[in-house]
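Engineer: mmCIF, C-alpha atoms, saved as coords.cif, coming up:
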data_data
loop_
_atom_site.label_atom_id
_atom_site.label_comp_id
_atom_site.auth_asym_id
_atom_site.auth_seq_id
_atom_site.Cartn_x
_atom_site.Cartn_y
_atom_site.Cartn_z
CA MET A 1 102.09 146.08 208.61
CA ALA A 2 103.85 143.57 206.39
CA ARG A 3 104.44 146.27 203.79
CA TRP A 4 106.22 148.52 206.26
CA LEU A 5 108.31 145.59 207.53
CA ARG A 6 109.42 144.87 203.97
CA SER A 7 110.28 148.53 203.51
CA ALA A 8 112.30 148.55 206.73
CA ALA A 9 114.09 145.39 205.68
CA GLY A 10 114.91 146.97 202.34
CA ALA A 11 116.28 150.06 204.07
CA LEU A 12 118.53 147.92 206.24
CA LEU A 13 119.77 146.13 203.13
CA LEU A 14 120.77 149.42 201.57
CA LEU A 15 122.43 150.61 204.77
CA GLU A 16 124.68 147.57 204.75
CA VAL A 17 126.46 148.71 201.58
CA ALA A 18 128.88 151.55 201.00
CA THR A 19 129.03 153.47 197.77
CA ALA A 20 131.63 155.80 196.28
CA LEU A 21 129.44 158.78 195.49
CA SER A 22 130.55 162.28 194.61
CA PHE A 23 128.55 164.86 196.55
CA LEU A 24 129.11 167.83 194.25
CA HIS A 25 127.00 170.14 192.14
CA HIS A 26 127.31 169.11 188.51
CA GLY A 27 127.19 171.64 185.68
CA TYR A 28 126.01 170.41 182.31
CA GLU A 29 129.38 169.05 181.14
CA GLU A 30 130.02 167.41 184.51
CA MET A 31 126.53 165.90 184.50
CA VAL A 32 127.07 164.40 181.05
CA GLN A 33 130.44 163.02 182.13
CA ALA A 34 128.86 161.46 185.22
CA LEU A 35 126.18 159.74 183.13
CA PHE A 36 128.69 158.35 180.64
CA ARG A 37 130.93 157.22 183.51
CA VAL A 38 128.07 155.16 184.92
CA GLN A 39 127.36 153.74 181.47
CA SER A 40 131.01 152.72 181.06
CA GLN A 41 131.04 151.06 184.49
CA CYS A 42 127.84 149.10 183.84
CA PRO A 43 127.76 148.70 180.05
CA TYR A 44 125.61 145.57 179.99
CA VAL A 45 122.68 147.02 181.96
CA THR A 46 122.70 150.69 180.91
CA ARG A 47 122.11 152.84 177.86
CA ILE A 48 122.27 156.61 177.33
CA TYR A 49 119.98 158.32 174.85
CA SER A 50 118.81 161.86 174.17
CA ILE A 51 115.14 162.74 173.75
CA GLY A 52 115.93 166.10 172.15
CA ARG A 53 117.62 169.41 172.85
CA SER A 54 116.94 172.46 174.98
CA VAL A 55 116.46 175.97 173.59
CA GLU A 56 120.23 176.54 173.77
CA GLY A 57 121.01 173.19 172.20
CA ARG A 58 121.89 171.06 175.23
CA HIS A 59 120.91 167.41 175.00
CA LEU A 60 118.14 166.14 177.29
CA TYR A 61 119.91 162.93 178.25
CA VAL A 62 118.29 159.85 179.77
CA LEU A 63 120.15 156.98 181.43
CA GLU A 64 118.35 153.65 181.14
CA PHE A 65 118.83 150.64 183.42
CA SER A 66 117.66 147.25 182.17
CA ASP A 67 118.98 143.73 181.70
CA TYR A 68 118.23 144.32 177.99
CA PRO A 69 118.97 148.03 177.44
CA GLY A 70 117.12 149.57 174.54
CA ILE A 71 114.52 146.80 174.36
CA HIS A 72 111.02 146.68 175.80
CA GLU A 73 110.47 143.21 177.24
CA PRO A 74 106.80 142.21 177.24
CA LEU A 75 105.34 142.27 180.78
CA GLU A 76 108.29 144.31 182.11
CA PRO A 77 107.05 147.76 183.22
CA GLU A 78 108.66 151.04 182.21
CA PHE A 79 109.48 153.56 184.96
CA LYS A 80 110.90 157.10 184.81
CA TYR A 81 112.36 159.78 187.05
CA VAL A 82 112.61 163.39 185.81
CA GLY A 83 114.63 166.03 187.65
CA ASN A 84 115.50 169.72 187.39
CA MET A 85 112.36 170.75 185.47
CA HIS A 86 112.80 174.10 187.18
CA GLY A 87 116.43 175.03 186.58
CA ASN A 88 117.02 176.44 190.06
CA GLU A 89 115.56 173.40 191.85
CA VAL A 90 118.71 171.34 191.76
CA LEU A 91 118.50 168.70 194.48
CA GLY A 92 116.52 166.30 192.25
CA ARG A 93 119.22 166.61 189.58
CA GLU A 94 121.95 165.64 192.05
CA LEU A 95 119.89 162.87 193.66
CA LEU A 96 119.25 161.24 190.28
CA LEU A 97 122.97 161.30 189.49
CA GLN A 98 123.60 159.72 192.89
CA LEU A 99 120.90 157.15 192.24
CA SER A 100 122.46 156.28 188.89
CA GLU A 101 125.86 155.69 190.48
CA PHE A 102 124.23 153.76 193.31
CA LEU A 103 122.27 151.40 191.06
CA CYS A 104 125.35 150.66 188.97
CA GLU A 105 127.61 150.09 191.96
CA GLU A 106 125.15 147.89 193.81
CA TYR A 107 124.45 145.85 190.69
CA ARG A 108 128.16 145.22 190.34
CA ARG A 109 128.33 144.22 194.01
CA GLY A 110 125.56 141.67 193.50
CA ASN A 111 123.01 143.40 195.73
CA GLU A 112 120.00 141.09 195.35
CA ARG A 113 117.39 143.80 195.73
CA ILE A 114 118.97 146.10 193.14
CA THR A 115 119.73 143.25 190.76
CA ARG A 116 116.11 142.09 190.89
CA LEU A 117 114.89 145.65 190.36
CA ILE A 118 117.03 146.15 187.24
CA HIS A 119 116.15 142.73 185.83
CA ASP A 120 112.41 143.19 186.38
CA THR A 121 112.04 146.89 185.51
CA ARG A 122 113.12 149.16 182.69
CA ILE A 123 114.21 152.32 184.53
CA HIS A 124 114.68 155.67 182.74
CA ILE A 125 116.46 158.49 184.61
CA MET A 126 116.52 162.08 183.26
CA PRO A 127 118.58 164.19 185.70
CA SER A 128 117.77 167.51 184.00
CA MET A 129 114.80 168.56 181.89
CA ASN A 130 115.93 172.19 182.01
CA PRO A 131 119.73 172.30 181.63
CA ASP A 132 119.64 175.90 180.33
CA GLY A 133 117.86 177.17 183.42
CA TYR A 134 120.30 175.30 185.64
CA GLU A 135 123.28 177.11 184.12
CA VAL A 136 121.63 180.45 184.92
CA ALA A 137 120.95 179.41 188.50
CA ALA A 138 124.42 177.91 188.96
CA LYS A 139 126.07 181.24 188.07
CA GLN A 140 124.40 182.70 191.17
CA GLY A 141 125.39 179.69 193.26
CA PRO A 142 123.79 178.32 196.44
CA ASP A 143 124.61 181.33 198.59
CA SER A 144 123.02 184.10 196.51
CA ASN A 145 120.55 182.22 194.32
CA GLY A 146 117.26 184.03 193.89
CA TYR A 147 114.01 182.19 194.43
CA LEU A 148 113.16 182.47 190.72
CA THR A 149 116.63 182.80 189.17
CA GLY A 150 116.96 180.10 186.52
CA ARG A 151 113.53 178.65 187.20
CA ASN A 152 112.34 179.01 183.59
CA ASN A 153 113.92 177.80 180.37
CA ALA A 154 116.02 180.03 178.08
CA ASN A 155 112.83 181.49 176.56
CA GLY A 156 111.61 182.53 180.01
CA VAL A 157 108.87 179.89 180.11
CA ASP A 158 107.93 177.82 183.17
CA LEU A 159 108.01 174.26 181.81
CA ASN A 160 105.58 173.06 184.46
CA ARG A 161 102.96 175.46 183.09
CA ASN A 162 103.63 174.56 179.45
CA PHE A 163 101.89 171.25 178.74
CA PRO A 164 98.56 171.17 176.87
CA ASP A 165 95.68 171.83 179.27
CA LEU A 166 93.79 168.53 179.17
CA ASN A 167 92.17 169.09 182.57
CA THR A 168 89.75 171.64 181.18
CA PHE A 169 88.64 169.25 178.43
CA MET A 170 88.36 166.41 180.95
CA TYR A 171 86.31 168.41 183.46
CA TYR A 172 83.91 169.43 180.70
CA SER A 173 83.70 165.92 179.25
CA GLY A 174 82.88 164.59 182.73
CA GLU A 175 79.70 166.63 182.63
CA ILE A 176 78.70 165.00 179.33
CA SER A 177 79.97 161.49 180.18
CA GLY A 178 83.02 161.88 177.96
CA PRO A 179 86.52 160.41 178.40
CA ASN A 180 88.83 161.24 181.30
CA HIS A 181 91.79 159.30 179.93
CA HIS A 182 93.86 159.39 176.73
CA ILE A 183 92.39 162.77 175.90
CA PRO A 184 93.42 164.00 172.42
CA LEU A 185 95.77 166.95 172.04
CA PRO A 186 94.64 170.22 170.44
CA ASP A 187 95.49 170.48 166.75
CA ASN A 188 97.90 173.38 167.31
CA TRP A 189 99.60 172.02 170.43
CA LYS A 190 103.13 171.88 168.96
CA SER A 191 103.14 175.62 168.37
CA GLN A 192 102.23 176.28 172.01
CA VAL A 193 104.99 174.33 173.79
CA GLU A 194 108.71 174.80 174.34
CA PRO A 195 111.38 172.52 172.82
CA GLU A 196 111.91 170.79 176.18
CA THR A 197 108.17 170.19 176.61
CA LEU A 198 107.82 168.93 173.04
CA ALA A 199 110.69 166.49 173.59
CA VAL A 200 109.10 165.13 176.77
CA ILE A 201 105.66 164.72 175.14
CA GLN A 202 107.19 162.81 172.24
CA TRP A 203 109.20 160.75 174.74
CA ILE A 204 106.25 159.68 176.84
CA SER A 205 104.27 158.97 173.68
CA SER A 206 106.99 156.56 172.53
CA TYR A 207 107.35 154.54 175.73
CA ASN A 208 104.52 152.85 177.63
CA PHE A 209 105.49 154.31 181.01
CA VAL A 210 103.57 152.94 183.99
CA LEU A 211 104.86 155.00 186.92
CA SER A 212 106.87 158.20 187.27
CA ALA A 213 108.01 160.92 189.63
CA ASN A 214 109.01 164.51 188.90
CA LEU A 215 111.56 165.91 191.36
CA HIS A 216 111.26 169.53 192.54
CA GLY A 217 112.31 171.75 195.45
CA GLY A 218 111.02 174.58 197.60
CA ALA A 219 108.97 172.39 199.96
CA VAL A 220 109.08 168.86 201.39
CA VAL A 221 105.97 166.91 200.37
CA ALA A 222 104.80 164.21 197.94
CA ASN A 223 102.18 165.81 195.70
CA TYR A 224 99.69 163.81 193.63
CA PRO A 225 97.04 164.65 190.95
CA TYR A 226 95.01 166.47 190.16
CA ASP A 227 97.05 169.64 190.27
CA LYS A 228 94.36 171.74 188.63
CA SER A 229 91.18 172.47 190.54
CA GLN A 230 87.90 171.59 188.85
CA ASP A 231 86.27 174.65 190.37
CA GLN A 232 87.81 177.50 188.38
CA ARG A 233 86.60 180.10 190.89
CA PHE A 234 89.35 179.02 193.27
CA ARG A 235 92.71 179.63 191.64
CA SER A 236 94.51 181.24 194.56
CA HIS A 237 96.67 179.22 196.92
CA ARG A 238 94.59 180.73 199.74
CA ARG A 239 91.37 179.20 198.36
CA THR A 240 91.99 175.53 197.70
CA VAL A 241 89.73 172.74 196.54
CA ASN A 242 90.66 169.07 196.82
CA THR A 243 90.35 167.62 193.31
CA PRO A 244 90.90 163.85 193.35
CA THR A 245 91.41 161.55 190.38
CA PRO A 246 89.42 158.31 190.02
CA ASP A 247 92.60 156.66 191.38
CA ASP A 248 92.83 158.91 194.43
CA LYS A 249 93.41 156.15 197.01
CA LEU A 250 96.10 154.60 194.85
CA PHE A 251 97.83 157.95 194.40
CA GLN A 252 97.76 158.52 198.15
CA LYS A 253 99.39 155.15 198.66
CA LEU A 254 102.09 155.91 196.09
CA ALA A 255 102.80 159.28 197.73
CA LYS A 256 102.96 157.71 201.20
CA THR A 257 105.39 155.09 199.94
CA TYR A 258 107.89 157.86 199.21
CA SER A 259 106.98 160.00 202.21
CA TYR A 260 107.37 157.24 204.81
CA ALA A 261 110.56 155.89 203.25
CA HIS A 262 112.01 159.42 203.41
CA SER A 263 113.80 160.36 206.62
CA TRP A 264 111.51 163.23 207.59
CA MET A 265 108.95 164.00 204.86
CA HIS A 266 106.25 161.91 206.59
CA ARG A 267 106.47 163.99 209.78
CA GLY A 268 104.39 166.68 208.08
CA TRP A 269 106.00 169.86 209.42
CA ASN A 270 108.57 171.09 206.89
CA CYS A 271 109.55 174.51 205.53
CA GLY A 272 106.88 176.21 207.63
CA ASP A 273 104.09 174.11 206.07
CA TYR A 274 102.17 171.14 207.43
CA PHE A 275 101.01 168.23 205.26
CA ALA A 276 99.51 165.22 207.03
CA ASP A 277 101.65 162.15 206.30
CA GLY A 278 103.86 164.37 204.16
CA ILE A 279 101.52 164.17 201.16
CA THR A 280 99.00 166.45 199.45
CA ASN A 281 96.56 166.56 196.59
CA GLY A 282 97.96 169.19 194.22
CA ALA A 283 94.79 171.26 193.85
CA SER A 284 94.25 171.08 197.60
CA TRP A 285 97.60 172.86 197.98
CA TYR A 286 97.02 175.32 195.14
CA SER A 287 95.65 175.00 191.61
CA LEU A 288 98.22 174.60 188.86
CA SER A 289 97.33 174.61 185.17
CA LYS A 290 99.21 172.84 182.34
CA GLY A 291 101.39 170.81 184.70
CA MET A 292 103.30 167.69 183.75
CA GLN A 293 101.87 165.21 186.27
CA ASP A 294 98.24 165.79 185.27
CA PHE A 295 99.26 165.58 181.62
CA ASN A 296 100.86 162.16 182.17
CA TYR A 297 97.69 160.82 183.78
CA LEU A 298 95.27 162.26 181.22
CA TYR A 299 97.24 161.60 178.03
CA THR A 300 99.19 158.38 178.70
CA ASN A 301 99.08 155.23 180.84
CA CYS A 302 101.56 156.76 183.30
CA PHE A 303 100.76 157.56 186.94
CA GLU A 304 103.03 160.43 188.00
CA ILE A 305 103.53 162.25 191.28
CA THR A 306 105.59 165.36 192.05
CA LEU A 307 108.19 165.18 194.80
CA GLU A 308 109.13 168.39 196.60
CA LEU A 309 112.40 167.44 198.28
CA SER A 310 114.02 170.42 200.00
CA CYS A 311 113.17 173.76 201.54
CA ASN A 312 116.30 175.19 199.93
CA LYS A 313 115.99 175.00 196.15
CA PHE A 314 119.77 175.14 195.66
CA PRO A 315 121.26 173.50 198.77
CA PRO A 316 125.00 173.87 199.45
CA GLU A 317 127.28 170.96 198.59
CA GLU A 318 127.86 170.13 202.24
CA ASP A 319 124.16 169.27 202.54
CA LEU A 320 124.03 166.90 199.55
CA GLU A 321 125.21 163.78 201.39
CA ARG A 322 122.60 164.24 204.14
CA GLN A 323 119.91 164.72 201.51
CA TRP A 324 121.03 161.61 199.63
CA MET A 325 120.84 159.50 202.78
CA ALA A 326 117.37 160.91 203.47
CA ASN A 327 116.09 160.06 199.97
CA ARG A 328 118.00 156.91 199.01
CA GLU A 329 115.56 154.31 200.33
CA ALA A 330 112.57 156.34 199.14
CA LEU A 331 113.92 156.56 195.59
CA VAL A 332 114.34 152.78 195.42
CA ALA A 333 111.08 151.96 197.20
CA PHE A 334 109.09 154.16 194.84
CA ILE A 335 110.47 152.37 191.78
CA GLU A 336 109.34 149.08 193.34
CA GLU A 337 105.77 150.40 193.43
CA VAL A 338 105.56 149.83 189.67
CA HIS A 339 105.19 146.13 190.49
CA GLN A 340 101.64 146.10 191.87
CA GLY A 341 98.12 145.67 190.53
CA ILE A 342 97.58 143.55 187.43
CA LYS A 343 99.42 143.02 184.17
CA GLY A 344 99.10 140.68 181.22
CA MET A 345 98.81 140.23 177.47
CA VAL A 346 95.88 141.10 175.22
CA SER A 347 95.97 138.86 172.14
CA ASP A 348 93.81 137.40 169.39
CA LYS A 349 93.03 133.72 168.81
CA ASN A 350 96.41 133.28 167.12
CA ASN A 351 98.24 134.74 170.14
CA ASN A 352 99.15 137.92 168.26
CA GLY A 353 99.35 140.90 170.60
CA ILE A 354 96.64 143.54 170.20
CA ALA A 355 98.01 147.06 170.58
CA GLY A 356 95.77 149.84 171.86
CA ALA A 357 93.29 147.52 173.61
CA VAL A 358 91.39 149.33 176.38
CA ILE A 359 91.59 147.92 179.91
CA SER A 360 88.68 149.06 182.10
CA VAL A 361 88.26 148.43 185.82
CA GLN A 362 84.69 148.47 187.11
CA GLY A 363 84.18 151.31 189.56
CA ILE A 364 87.27 153.28 188.47
CA SER A 365 86.53 155.65 185.59
CA HIS A 366 90.04 155.78 184.22
CA ASP A 367 91.17 153.29 181.58
CA ILE A 368 94.60 152.33 180.30
CA THR A 369 95.64 150.77 177.00
CA SER A 370 97.90 147.93 175.92
CA GLY A 371 101.27 148.69 174.38
CA ASP A 372 102.72 147.84 170.99
CA THR A 373 103.30 144.19 171.92
CA GLY A 374 99.85 143.79 173.47
CA ASP A 375 101.05 143.88 177.07
CA TYR A 376 99.36 146.11 179.64
CA PHE A 377 99.99 147.26 183.22
CA ARG A 378 97.27 148.53 185.53
CA LEU A 379 98.32 149.79 188.96
CA LEU A 380 95.75 148.85 191.60
CA LEU A 381 95.48 148.57 195.37
CA PRO A 382 94.94 145.12 196.90
CA GLY A 383 91.36 143.95 196.40
CA THR A 384 89.02 142.14 194.03
CA TYR A 385 88.25 143.76 190.69
CA THR A 386 86.15 143.19 187.60
CA VAL A 387 88.30 143.98 184.58
CA THR A 388 87.31 144.23 180.91
CA ALA A 389 89.54 144.26 177.84
CA SER A 390 88.10 145.62 174.58
CA ALA A 391 89.41 146.51 171.15
CA ASP A 392 87.91 147.60 167.85
CA GLY A 393 86.83 144.58 165.83
CA TYR A 394 86.83 142.20 168.81
CA GLN A 395 84.34 141.03 171.40
CA PRO A 396 85.15 142.39 174.86
CA GLN A 397 86.20 139.97 177.58
CA THR A 398 85.53 140.45 181.30
CA VAL A 399 87.20 138.66 184.21
CA THR A 400 87.23 138.97 187.99
CA THR A 401 90.61 138.91 189.69
CA THR A 402 92.08 139.47 193.14
CA VAL A 403 95.12 141.68 193.67
CA GLY A 404 97.45 140.92 196.55
CA PRO A 405 99.86 143.22 198.42
CA ALA A 406 103.02 141.85 196.81
CA ALA A 407 103.61 140.96 193.15
CA PRO A 408 101.10 141.96 190.45
CA SER A 409 98.43 139.46 189.43
CA LEU A 410 98.86 138.05 185.92
CA VAL A 411 95.64 138.43 183.91
CA HIS A 412 95.70 137.61 180.19
CA PHE A 413 92.94 138.32 177.68
CA GLN A 414 92.37 136.48 174.40
CA LEU A 415 89.78 138.35 172.37
CA LYS A 416 87.55 136.83 169.72
CA GLN A 417 86.88 138.68 166.51
CA ASP A 418 83.52 140.43 166.37
CA VAL A 419 81.82 138.88 163.34
CA VAL A 420 78.29 140.03 164.20
CA ARG A 421 78.70 143.79 164.24
CA LYS A 422 80.46 145.79 161.59
CA SER A 423 83.77 146.79 163.05
CA PRO A 424 84.43 150.54 163.21
CA GLU A 425 87.40 151.88 161.35
CA ARG A 426 90.41 150.86 163.35
CA LYS A 427 93.07 153.44 164.04
CA ALA A 428 96.78 152.77 164.17
CA PRO A 429 98.13 151.74 167.59
CA GLY A 430 98.74 154.67 169.89
CA THR A 431 96.47 157.10 168.04
CA ARG A 432 93.69 158.93 169.84
CA PRO A 433 90.39 160.31 168.58
CA ASN A 434 90.56 163.94 167.53
CA ASN A 435 87.79 165.40 169.62
CA LYS A 436 87.57 168.75 167.81
CA ALA A 437 84.05 169.50 168.98
CA LEU A 438 85.10 169.19 172.61
CA GLN A 439 88.14 171.37 172.07
CA LYS A 440 86.09 174.12 170.42
CA LYS A 441 83.59 174.23 173.26
CA VAL A 442 86.21 174.72 175.97
CA VAL A 443 88.49 177.72 176.23
CA PRO A 444 91.23 177.26 178.86
CA ARG A 445 91.28 180.04 181.39
CA ALA A 446 94.35 181.75 182.70
CA THR A 447 95.60 180.37 186.00
CA ARG A 448 97.82 181.58 188.79
CA GLN A 449 101.53 181.17 188.17
CA GLY A 450 102.75 179.77 191.48
CA THR A 451 106.37 179.62 192.58
CA ARG A 452 106.46 175.94 193.48
CA ARG A 453 106.05 172.75 191.50
#
Go ahead and express the file in the form of structure tokens.

Structural biologist:
Amino acid sequence: MARWLRSAAGALLLLEVATALSFLHHGYEEMVQALFRVQSQCPYVTRIYSIGRSVEGRHLYVLEFSDYPGIHEPLEPEFKYVGNMHGNEVLGRELLLQLSEFLCEEYRRGNERITRLIHDTRIHIMPSMNPDGYEVAAKQGPDSNGYLTGRNNANGVDLNRNFPDLNTFMYYSGEISGPNHHIPLPDNWKSQVEPETLAVIQWISSYNFVLSANLHGGAVVANYPYDKSQDQRFRSHRRTVNTPTPDDKLFQKLAKTYSYAHSWMHRGWNCGDYFADGITNGASWYSLSKGMQDFNYLYTNCFEITLELSCNKFPPEEDLERQWMANREALVAFIEEVHQGIKGMVSDKNNNGIAGAVISVQGISHDITSGDTGDYFRLLLPGTYTVTASADGYQPQTVTTTVGPAAPSLVHFQLKQDVVRKSPERKAPGTRPNNKALQKKVVPRATRQGTRR
């Protein structure tokens, strides 16, 4: 109850302010101009960088909000929003531009909630992952846009079916008690992905993202992992199998945070579909292979959900203001969810941070690792947990901690060197074991190419 009261109070706070937002569709040049305009208006808390280029050479720009732009502050979590992965699903693109203007304007106004959010969180906003596809869709316009026109990139590839298929390896490894987190990539993965996908994989490998959302259109629902069904016999959207992650309850809570802060998503009936509470497990809706949200969960420390935000993939400009008002509180509230669970430092006896230390939670078979500075972030629901930190060459340390409903609990680990056992060869921070045997045993199967997500 207290959580919903805080959410309502936050919504009222946002309703008290007025912002000068431009409710227009932005082509690539206009989008870039809008991003640089925000950066010029809030130069001390923003930074623009490119993670790479699209097939046709357009930059994949990211706008960062932080009190120290360009710097990872230990114990400050990294958050990201990604929009326009499908070029003809444009509402997310426009909402993220609106959000960027909103965060800047409210920071300048001294809005306490937004100021605290920017000071305590490093926020990365990518309005368009598929700028080439958008230009194709925009030529058709909102009135005559086809359901698939501009969906794919310039090479005709669906970017949300283009990430390495780690689910298949994970489902197999589960049968032999293998890992279901930080799964290694196939040796030839770079030759199998598009330039946009490659740029995103390198991006999320470089930043220790904790929480993320991927904005889509064509439905109204908050979708959470797994997207790919474990039972490969059911690949049709008419035969669905709920396929939960070890963090299923947490993912449901994250999805509900957005759904109930949205003006109508939580009602369930939208676009001719019904989803209780406005949320769904991806595989329970339909099985999707090589998707981005499952890849985030299985390859990195990041918990990602997919937000379907409009029945109309390319809504007319006159509908953009209504959509912004419907999503504004939800977009802010979801970022705030990065501040829950536990976080802390993993260090040695000399207080040097240990990168790549494994953080395990008893009863949840999904681990995360510490970042380059030794800090870690583990999203958890309120409760009491037994947590272990371990690293090659050190003795593991186990503690019991209680997580509350508000701020994350601070849990530090100081590991002692393991002088009894011979330490295994230690890999460089961020590297993963190359499980070639596992990869050879599993051959990914073809999956249905759906029209959503």

Engineer: Name all residues at most 7 Å from Trp285 in chain A (count all atoms listed in the file; drop same-chain ones fewer than 3 positions away) and give them as a count of residues only.

Structural biologist: 5

Engineer: If the PyMOL selection byres ((chain A and resi 350) around 10) is run on the structure shown, which residues does it catch, given as a count of residues only?

Structural biologist: 9

Engineer: Between A:Gly57, A:Gly92, A:Gly217, A:Gly291, which residue has the minimum interatomic distance to Ile125 in chain A, considering only C-alpha atoms?

Structural biologist: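 The shortest atom-to-atom distance to Ile125 in chain A comes from A:Gly92.
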
Engineer: Pick from A:His366, A:His262, A:Val38, A:Glu78: nearest to Ser206 in chain A, with all atoms listed in the file counted?

Structural biologist: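 Counting all atoms listed in the file, the residue closest to Ser206 in chain A is A:Glu78.
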
Engineer: Would you mind telling me which residue in A:Ala407, A:Met345, A:Ala255, A:Leu91 lies nearest to Pro74 in chain A when using all atoms listed in the file?

Structural biologist: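 Distance minimum relative to Pro74 in chain A lands on A:Met345.
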
Engineer: For the structure provided, state which residues fall under the PyMOL selection byres ((chain A and resi 316) around 10), and present them as a list of chain:residue names.

Structural biologist: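 On the file shown, the PyMOL selection byres ((chain A and resi 316) around 10) covers A:Leu24, A:His25, A:Leu91, A:Gly141, A:Pro142, A:Asp143, A:Asn312, A:Lys313, A:Phe314, A:Pro315, A:Glu317, A:Glu318, A:Asp319, A:Leu320.
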
Engineer: Please tell me which residues are no farther than 10 Å from (99.7, 172.4, 194.3) in the file, counting all atoms listed in the file, and write them as a list in words.

Structural biologist: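 Output of the proximity query reads Asn223, Tyr224, Pro225, Tyr226, Asp227, Lys228, Ser229, His237, Thr240, Asn242, Thr280, Asn281, Gly282, Ala283, Ser284, Trp285, Tyr286, Ser287, Leu288, Ser289, Gly291, Thr306, Gly450, Thr451, Arg452 and Arg453 of chain A.
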
Engineer: Report as a PyMOL selection string the full result of the PyMOL selection byres ((chain A and resi 267-277) around 7) when it is applied to this structure.

Structural biologist: chain A and resi 219-220+256+264-266+278-280+311

Engineer: Excluding Glu94 in chain A and its own-chain neighbours fewer than 4 positions away, which residues fall within 12 Å of it when counting all atoms listed in the file? Please give them as a VMD selection string.

Structural biologist: chain A and resid 21 to 28 30 to 31 34 to 35 82 to 84 89 to 90 98 to 101 125 to 128 134 215 to 217 309 313 to 317 319 to 321 323 to 324 327 to 328

Engineer: Mind dumping the selected residues with C-alpha atoms as a CSV table (one decimal), in the coordinates of the input?

Structural biologist:
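Contents of the output file selection.csv:
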chain,number,residue,atom,x,y,z
A,21,LEU,CA,129.4,158.8,195.5
A,22,SER,CA,130.6,162.3,194.6
A,23,PHE,CA,128.6,164.9,196.6
A,24,LEU,CA,129.1,167.8,194.2
A,25,HIS,CA,127.0,170.1,192.1
A,26,HIS,CA,127.3,169.1,188.5
A,27,GLY,CA,127.2,171.6,185.7
A,28,TYR,CA,126.0,170.4,182.3
A,30,GLU,CA,130.0,167.4,184.5
A,31,MET,CA,126.5,165.9,184.5
A,34,ALA,CA,128.9,161.5,185.2
A,35,LEU,CA,126.2,159.7,183.1
A,82,VAL,CA,112.6,163.4,185.8
A,83,GLY,CA,114.6,166.0,187.6
A,84,ASN,CA,115.5,169.7,187.4
A,89,GLU,CA,115.6,173.4,191.8
A,90,VAL,CA,118.7,171.3,191.8
A,98,GLN,CA,123.6,159.7,192.9
A,99,LEU,CA,120.9,157.2,192.2
A,100,SER,CA,122.5,156.3,188.9
A,101,GLU,CA,125.9,155.7,190.5
A,125,ILE,CA,116.5,158.5,184.6
A,126,MET,CA,116.5,162.1,183.3
A,127,PRO,CA,118.6,164.2,185.7
A,128,SER,CA,117.8,167.5,184.0
A,134,TYR,CA,120.3,175.3,185.6
A,215,LEU,CA,111.6,165.9,191.4
A,216,HIS,CA,111.3,169.5,192.5
A,217,GLY,CA,112.3,171.8,195.4
A,309,LEU,CA,112.4,167.4,198.3
A,313,LYS,CA,116.0,175.0,196.2
A,314,PHE,CA,119.8,175.1,195.7
A,315,PRO,CA,121.3,173.5,198.8
A,316,PRO,CA,125.0,173.9,199.4
A,317,GLU,CA,127.3,171.0,198.6
A,319,ASP,CA,124.2,169.3,202.5
A,320,LEU,CA,124.0,166.9,199.6
A,321,GLU,CA,125.2,163.8,201.4
A,323,GLN,CA,119.9,164.7,201.5
A,324,TRP,CA,121.0,161.6,199.6
A,327,ASN,CA,116.1,160.1,200.0
A,328,ARG,CA,118.0,156.9,199.0

Engineer: With only C-alpha atoms as the atoms that count, which of A:Ala199, A:Asp165, A:Arg108, A:Met170 lies nearest to Asn130 in chain A?

Structural biologist: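 Checking each candidate against Asn130 in chain A, we get A:Ala199 as the closest.
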
Engineer: May I ask which of the residues A:Asp187, A:Asp247, A:Asp375, A:Asp120 is the closest one to Glu336 in chain A, counting all atoms listed in the file?

Structural biologist: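 Comparing A:Asp187, A:Asp247, A:Asp375, A:Asp120 against Glu336 in chain A, the winner is A:Asp120.
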
Engineer: In Å to one decimal, how far is CA of Ser365 in chain A from CA of Val399 in chain A?

Structural biologist: 17.1 Å
